[in-house]
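Student: Take a look at the following structure, please.
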Amino acid sequence: MEKINILITAASRKVALVRGFVELKNHFDYAGNVIAVDCEPLSPALHFADKFYLVPLIEDKNYFSFIDKIIKKEKIRLVIPTMDLELPLWGERIDEYEKEGVIIACSGKKAAEISNDKIKTYEFFKSLFLMTPETFTKEEILKEKNLSFPLFIKPRFGRGSINCYKVRDKEELLFYLKRIKEPIVQEYIKGQEFTVDLISDFNNDVLSIVPRKRLTVRAGISDRGQTFYSEKIINSVIKIAKELNIKGPANIQGFLKDGGEIYFTEINPRFSGGIQLTKAAGVNFMEILLKLVAGEKIKPFIGEFERGLYMSSYEDSVFLREKDLKG
């Protein structure tokens with residue numbers, strides 16, 4: 001079988017993801033080279049790949065020209081988009097690349113557009129009759145007469161935890177409304193924050209779902225976590241994945257309240273930042289994708305993972321010289 005070479009975009013700090021794909025070469029003869037790209041030569045994940053390239057920002061009109069040259073030169077068969085901003089652009093190109101024998105591990109444009117827009121995400125959860133924090137635009141919240149604090153404010157089109165704040169009173173609310181671009185204001189939910197990693201095959205059949213508690217979160221990424229089982233969460237996530245036509249990896253976020261109520265808050269049709277915990281719990285999404293591209297049929301094994309497994313991450317460093325930054 002021809003080697004399956006893999007391209008990971010916006011590699012940045014996603015060391016666990018790059019490592020996960022590189023490790024497959026030790027177990028599968030058809031696992032090829034892992035190529036990583038980013039716009040910043042000091043991005044640590046670049047230096048764990050077999051090879052890397054520097055590319056323009058996703059907003060640059062020449063971005064895909066650079067990417068296409070890399071795909072052709074490196075004989076790429078599987079592309080892993082990792083950044084929210086690029087997902088709609090890859091989503092609308094899936095069929096085009098498939099004709100060239102290149103699989104894009106992301107869902108379509110619809111899923112990306114819903115997930116990148118907090119108002120559309122809120123409306124989507126409501127349409128499925130799933131509990132989600134009440135959400136208001138700037139104009140709507142300013143008309144509300146009986147506000148109940150605390151509230152939560154964040155950008156409508158933001159990512160990570162950038163410009164996300166708990167709002168304790170009207171003075172704080174007005175302060176942040178002036179400073180955050182296109183803000184939305186949400187009901188503040190107190191409970192255990194969680195992420196659910198899921199992966200579907202390219203026919204939208206859900207193969208695996210692994211819920212995990214986000215015990216400590218830094219810069220929007222789970223630093224400490226623990227896998228857990230919830231049939232109610234798993235069934236809801238299946239519903240979300242089917243409705244959005246999820247293909248490949250995705251993660252869903254929310255809160256589990258003490259009374260058992262589940263509030264869903266975010267959809268990310270891409271690999272999560274804490275995918276290493278799911279892998280350690282016995283579900284290797286990277287291996288699953290490789291096998292799917294190789295043509296293997298995988299039966300769903302939902303709920304089959306190690307429950308109660310903790311993850312505690314720590315900082316590490318990569319040391320580089322000038323020559324290491326050139327790709």
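Quick note on naming: the chains in the structure tokens go A, B, ... in the order shown, residues restart at 1 in each chain, and ligands are numbered from 1 in order of appearance.
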For range 256-322 of chain A against range 71-94 of chain A, with a cut-off of 9 Å and counting only C-alpha atoms, what is the closest atom pair and its distance in Å to one decimal for every residue that makes the cut, ordered by chain and number, as JSON lines?

Tutor:
```
{"residue": "A:Asn268", "atom": "CA", "partner": "A:Asp84", "partner_atom": "CA", "distance": 7.5}
{"residue": "A:Pro269", "atom": "CA", "partner": "A:Leu87", "partner_atom": "CA", "distance": 7.9}
{"residue": "A:Arg270", "atom": "CA", "partner": "A:Thr82", "partner_atom": "CA", "distance": 5.9}
{"residue": "A:Phe271", "atom": "CA", "partner": "A:Thr82", "partner_atom": "CA", "distance": 6.5}
{"residue": "A:Ser272", "atom": "CA", "partner": "A:Thr82", "partner_atom": "CA", "distance": 8.6}
{"residue": "A:Leu289", "atom": "CA", "partner": "A:Leu78", "partner_atom": "CA", "distance": 8.6}
{"residue": "A:Leu290", "atom": "CA", "partner": "A:Leu78", "partner_atom": "CA", "distance": 8.1}
{"residue": "A:Val293", "atom": "CA", "partner": "A:Leu78", "partner_atom": "CA", "distance": 7.3}
```

Student: Filtering to C-alpha atoms, could you give me those residues as a PDB file, in the first residue's frame?

Tutor:
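As a result, again05.pdb now contains:
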```
ATOM      1  CA  ASN A 268     -15.512  22.594  17.659  1.00  0.00           C
ATOM      2  CA  PRO A 269     -15.385  20.366  14.536  1.00  0.00           C
ATOM      3  CA  ARG A 270     -11.666  19.674  14.966  1.00  0.00           C
ATOM      4  CA  PHE A 271      -9.228  17.959  17.321  1.00  0.00           C
ATOM      5  CA  SER A 272      -9.376  19.238  20.896  1.00  0.00           C
ATOM      6  CA  LEU A 289      -8.173   8.399  10.906  1.00  0.00           C
ATOM      7  CA  LEU A 290      -5.170   6.624   9.425  1.00  0.00           C
ATOM      8  CA  VAL A 293      -7.935   6.684   4.914  1.00  0.00           C
TER       9      VAL A 293
END
```

Student: Skipping near chain neighbours, those fewer than 4 positions away, what residues fall within 8 Å of Phe21 in chain A using only C-alpha atoms, listed as a compact mmCIF listing (two decimals) with C-alpha atoms, in the first residue's frame?

Tutor:
```txt
# COMPACT_ATOMS: atom_id res chain seq x y z
CA LEU A 17 -1.36 15.80 18.06
CA LYS A 25 4.95 5.00 11.82
CA VAL A 34 3.93 13.87 9.10
CA MET A 286 -5.06 9.54 15.05
CA GLU A 287 -4.93 5.79 14.45
```

Student: So which residues of range 18-227 of chain A fall under alpha helix (DSSP H) by DSSP, listed as a PDB file with C-alpha atoms, in the first residue's frame?

Tutor:
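Below you can see out33.pdb, which holds the result:
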```
ATOM      1  CA  VAL A  18       1.795  15.849  15.923  1.00  0.00           C
ATOM      2  CA  ARG A  19       3.476  13.249  18.121  1.00  0.00           C
ATOM      3  CA  GLY A  20       0.401  11.057  17.933  1.00  0.00           C
ATOM      4  CA  PHE A  21       0.555  10.885  14.148  1.00  0.00           C
ATOM      5  CA  VAL A  22       4.348  10.474  14.056  1.00  0.00           C
ATOM      6  CA  GLU A  23       4.114   7.502  16.459  1.00  0.00           C
ATOM      7  CA  TYR A  63      -2.495  30.697   1.770  1.00  0.00           C
ATOM      8  CA  PHE A  64      -4.004  27.876  -0.251  1.00  0.00           C
ATOM      9  CA  SER A  65      -1.498  28.347  -3.060  1.00  0.00           C
ATOM     10  CA  PHE A  66       1.246  27.585  -0.527  1.00  0.00           C
ATOM     11  CA  ILE A  67      -0.696  24.653   0.895  1.00  0.00           C
ATOM     12  CA  ASP A  68      -1.445  23.155  -2.516  1.00  0.00           C
ATOM     13  CA  LYS A  69       2.237  23.184  -3.441  1.00  0.00           C
ATOM     14  CA  ILE A  70       3.082  21.357  -0.197  1.00  0.00           C
ATOM     15  CA  ILE A  71       0.321  18.791  -0.755  1.00  0.00           C
ATOM     16  CA  LYS A  72       1.648  18.067  -4.237  1.00  0.00           C
ATOM     17  CA  LYS A  73       5.327  18.037  -3.297  1.00  0.00           C
ATOM     18  CA  LEU A  87     -12.408  25.243   9.013  1.00  0.00           C
ATOM     19  CA  PRO A  88     -15.042  26.907   6.755  1.00  0.00           C
ATOM     20  CA  LEU A  89     -12.423  27.316   4.017  1.00  0.00           C
ATOM     21  CA  TRP A  90     -11.390  23.666   4.179  1.00  0.00           C
ATOM     22  CA  GLY A  91     -15.024  22.632   4.509  1.00  0.00           C
ATOM     23  CA  ILE A  94     -13.531  18.887   0.680  1.00  0.00           C
ATOM     24  CA  ASP A  95     -14.972  17.585  -2.597  1.00  0.00           C
ATOM     25  CA  GLU A  96     -12.344  19.376  -4.666  1.00  0.00           C
ATOM     26  CA  TYR A  97      -9.479  17.743  -2.773  1.00  0.00           C
ATOM     27  CA  GLU A  98     -11.178  14.351  -2.684  1.00  0.00           C
ATOM     28  CA  LYS A 109     -18.798  24.381   5.731  1.00  0.00           C
ATOM     29  CA  LYS A 110     -22.168  24.345   7.554  1.00  0.00           C
ATOM     30  CA  ALA A 111     -20.713  22.761  10.697  1.00  0.00           C
ATOM     31  CA  ALA A 112     -17.809  25.229  10.730  1.00  0.00           C
ATOM     32  CA  GLU A 113     -20.040  28.268  10.298  1.00  0.00           C
ATOM     33  CA  ILE A 114     -22.362  27.198  13.104  1.00  0.00           C
ATOM     34  CA  SER A 115     -19.492  26.411  15.468  1.00  0.00           C
ATOM     35  CA  ASN A 116     -17.617  29.668  14.774  1.00  0.00           C
ATOM     36  CA  LYS A 118     -21.822  31.787  19.131  1.00  0.00           C
ATOM     37  CA  ILE A 119     -25.327  32.979  18.220  1.00  0.00           C
ATOM     38  CA  LYS A 120     -25.724  30.249  15.604  1.00  0.00           C
ATOM     39  CA  THR A 121     -24.361  27.718  18.094  1.00  0.00           C
ATOM     40  CA  TYR A 122     -26.963  28.826  20.658  1.00  0.00           C
ATOM     41  CA  GLU A 123     -29.759  28.597  18.079  1.00  0.00           C
ATOM     42  CA  PHE A 124     -28.524  25.173  16.968  1.00  0.00           C
ATOM     43  CA  PHE A 125     -28.622  23.743  20.506  1.00  0.00           C
ATOM     44  CA  LYS A 126     -32.092  25.232  20.980  1.00  0.00           C
ATOM     45  CA  SER A 127     -33.294  23.624  17.741  1.00  0.00           C
ATOM     46  CA  LYS A 138     -25.322  43.569  22.713  1.00  0.00           C
ATOM     47  CA  GLU A 139     -28.531  45.191  21.484  1.00  0.00           C
ATOM     48  CA  GLU A 140     -30.736  42.633  23.224  1.00  0.00           C
ATOM     49  CA  ILE A 141     -28.949  42.804  26.581  1.00  0.00           C
ATOM     50  CA  LEU A 142     -29.149  46.608  26.681  1.00  0.00           C
ATOM     51  CA  LYS A 143     -32.930  46.360  26.379  1.00  0.00           C
ATOM     52  CA  LYS A 170     -24.063  46.394  35.401  1.00  0.00           C
ATOM     53  CA  GLU A 171     -20.978  48.592  35.672  1.00  0.00           C
ATOM     54  CA  GLU A 172     -18.745  45.706  34.574  1.00  0.00           C
ATOM     55  CA  LEU A 173     -21.215  44.766  31.851  1.00  0.00           C
ATOM     56  CA  LEU A 174     -21.142  48.249  30.301  1.00  0.00           C
ATOM     57  CA  PHE A 175     -17.337  48.325  30.591  1.00  0.00           C
ATOM     58  CA  TYR A 176     -16.886  45.095  28.613  1.00  0.00           C
ATOM     59  CA  LEU A 177     -19.651  45.848  26.100  1.00  0.00           C
ATOM     60  CA  LYS A 178     -17.609  48.861  24.963  1.00  0.00           C
ATOM     61  CA  ARG A 179     -14.338  46.947  24.654  1.00  0.00           C
TER      62      ARG A 179
END
```

Student: Considering only C-alpha atoms, state which residue in the set A:Lys14, A:Lys51, A:Arg224, A:Lys279 is at the smallest distance from Val210 in chain A.

Tutor: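 Nearest candidate to Val210 in chain A out of A:Lys14, A:Lys51, A:Arg224, A:Lys279: A:Lys279.
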
Student: List the neighbours of Ala294 in chain A out to 10 Å using only C-alpha atoms; skip same-chain residues closer than 5 positions along the sequence, and give me the result as a ChimeraX atom specification.

Tutor: /A:1-4,30-31,77,288-289

Student: Among range 64-135 of chain A, which ones does DSSP place in strand (DSSP E or B), written as a ChimeraX atom specification?

Tutor: /A:76-80,103-104,135

Student: Those selected residues, please, written with N, CA and C atoms and delivered as a PDB file, in the first residue's frame.

Tutor:
```
ATOM      1  N   ILE A  76       0.713  14.369  -0.112  1.00  0.00           N
ATOM      2  CA  ILE A  76      -0.171  14.295   1.054  1.00  0.00           C
ATOM      3  C   ILE A  76      -1.473  13.576   0.696  1.00  0.00           C
ATOM      4  N   ARG A  77      -1.907  12.695   1.584  1.00  0.00           N
ATOM      5  CA  ARG A  77      -3.192  12.006   1.394  1.00  0.00           C
ATOM      6  C   ARG A  77      -4.211  12.345   2.478  1.00  0.00           C
ATOM      7  N   LEU A  78      -3.739  12.883   3.605  1.00  0.00           N
ATOM      8  CA  LEU A  78      -4.641  13.233   4.704  1.00  0.00           C
ATOM      9  C   LEU A  78      -4.249  14.591   5.263  1.00  0.00           C
ATOM     10  N   VAL A  79      -5.219  15.507   5.324  1.00  0.00           N
ATOM     11  CA  VAL A  79      -4.991  16.851   5.871  1.00  0.00           C
ATOM     12  C   VAL A  79      -5.785  16.992   7.165  1.00  0.00           C
ATOM     13  N   ILE A  80      -5.109  17.494   8.215  1.00  0.00           N
ATOM     14  CA  ILE A  80      -5.742  17.724   9.518  1.00  0.00           C
ATOM     15  C   ILE A  80      -5.792  19.230   9.785  1.00  0.00           C
ATOM     16  N   ILE A 103      -7.810  13.402   1.430  1.00  0.00           N
ATOM     17  CA  ILE A 103      -8.906  13.438   2.394  1.00  0.00           C
ATOM     18  C   ILE A 103      -8.681  14.579   3.380  1.00  0.00           C
ATOM     19  N   ILE A 104      -9.694  15.410   3.557  1.00  0.00           N
ATOM     20  CA  ILE A 104      -9.645  16.500   4.538  1.00  0.00           C
ATOM     21  C   ILE A 104     -10.420  16.043   5.773  1.00  0.00           C
ATOM     22  N   THR A 135     -28.643  33.322  25.669  1.00  0.00           N
ATOM     23  CA  THR A 135     -27.609  34.124  25.002  1.00  0.00           C
ATOM     24  C   THR A 135     -28.239  35.352  24.357  1.00  0.00           C
TER      25      THR A 135
END
```

Student: Would you kindly return, as JSON, numbers by chain, each protein, DNA or RNA residue with an atom no farther than 10 Å from any atom of Glu182 in chain A, considering only C-alpha atoms and excluding same-chain residues fewer than 6 positions away?

Tutor: {"A": [137, 138, 154, 155, 156, 157, 158]}

Student: What lies within 10 Å of Ala219 in chain A using only C-alpha atoms, ignoring chain neighbours under 3 positions off, as a ChimeraX atom specification?

Tutor: /A:159-162,222-223

Student: Can you spit out the residues from that selection as an mmCIF file, in the first residue's frame, using N, CA and C atoms?

Tutor:
```cif
data_model
loop_
_atom_site.group_PDB
_atom_site.id
_atom_site.type_symbol
_atom_site.label_atom_id
_atom_site.label_comp_id
_atom_site.auth_asym_id
_atom_site.auth_seq_id
_atom_site.Cartn_x
_atom_site.Cartn_y
_atom_site.Cartn_z
ATOM 1 N N ARG A 159 -12.302 32.778 19.907
ATOM 2 C CA ARG A 159 -11.813 31.407 20.076
ATOM 3 C C ARG A 159 -10.984 31.331 21.354
ATOM 4 N N GLY A 160 -10.858 30.125 21.889
ATOM 5 C CA GLY A 160 -10.143 29.977 23.147
ATOM 6 C C GLY A 160 -10.870 30.731 24.247
ATOM 7 N N SER A 161 -10.118 31.303 25.160
ATOM 8 C CA SER A 161 -10.714 32.085 26.251
ATOM 9 C C SER A 161 -10.396 33.573 26.111
ATOM 10 N N ILE A 162 -10.063 33.999 24.910
ATOM 11 C CA ILE A 162 -9.693 35.401 24.685
ATOM 12 C C ILE A 162 -10.914 36.297 24.851
ATOM 13 N N SER A 222 -7.643 22.460 28.296
ATOM 14 C CA SER A 222 -7.666 21.701 29.547
ATOM 15 C C SER A 222 -6.254 21.298 29.956
ATOM 16 N N ASP A 223 -5.854 21.750 31.127
ATOM 17 C CA ASP A 223 -4.523 21.474 31.663
ATOM 18 C C ASP A 223 -4.556 20.229 32.556
#
```

Student: Pick out the residues sitting within 10 Å of range 301-315 of chain A, and hand them over as a count of residues only; count only C-alpha atoms, and ignore anything fewer than 2 positions along from it in its own chain.

Tutor: 37

Student: Taking only C-alpha atoms into account, name the residue in A:Cys39, A:Ile189, A:Ala11, A:Val196 that is nearest to Thr132 in chain A.

Tutor: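 Checking each of A:Cys39, A:Ile189, A:Ala11, A:Val196 against Thr132 in chain A, counting only C-alpha atoms, the winner is A:Ile189.
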
Student: By how many Å are CA of Lys326 in chain A and CA of Ile275 in chain A apart?

Tutor: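 If I compute the distance from CA of Lys326 in chain A to CA of Ile275 in chain A, I get 28.3 Å.
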
Student: What does the distance from CA of Asn163 in chain A to CA of Glu187 in chain A come to in Å, to one decimal?

Tutor: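 Here the two named atoms are 16.4 Å from each other.
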
Student: Find the spatial neighbours of range 239-245 of chain A, counting only C-alpha atoms, within a cut-off of 7 Å - ignore same-chain residues fewer than 4 positions away - and output them as a ChimeraX atom specification.

Tutor: /A:107,111,204,235

Student: Once you have the residues from the selection above, write them out as a compact mmCIF listing (two decimals), in the first residue's frame, restricted to C-alpha atoms.

Tutor:
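Result file result22.txt:
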```txt
# COMPACT_ATOMS: atom_id res chain seq x y z
CA SER A 107 -16.76 18.45 8.49
CA ALA A 111 -20.71 22.76 10.70
CA ASN A 204 -20.99 10.46 9.47
CA ASN A 235 -26.63 10.33 23.54
```

Student: Interatomic distance between CA of Met131 in chain A and CA of Ser236 in chain A?

Tutor: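 So the answer is 10.3 Å.
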
Student: Can you work out which one of A:Ile35, A:Ile184, A:Ala16, A:Leu24 has the shortest atom-to-atom distance to Tyr53 in chain A, counting only C-alpha atoms?

Tutor: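 Selected residue with least distance to Tyr53 in chain A: A:Ile35.
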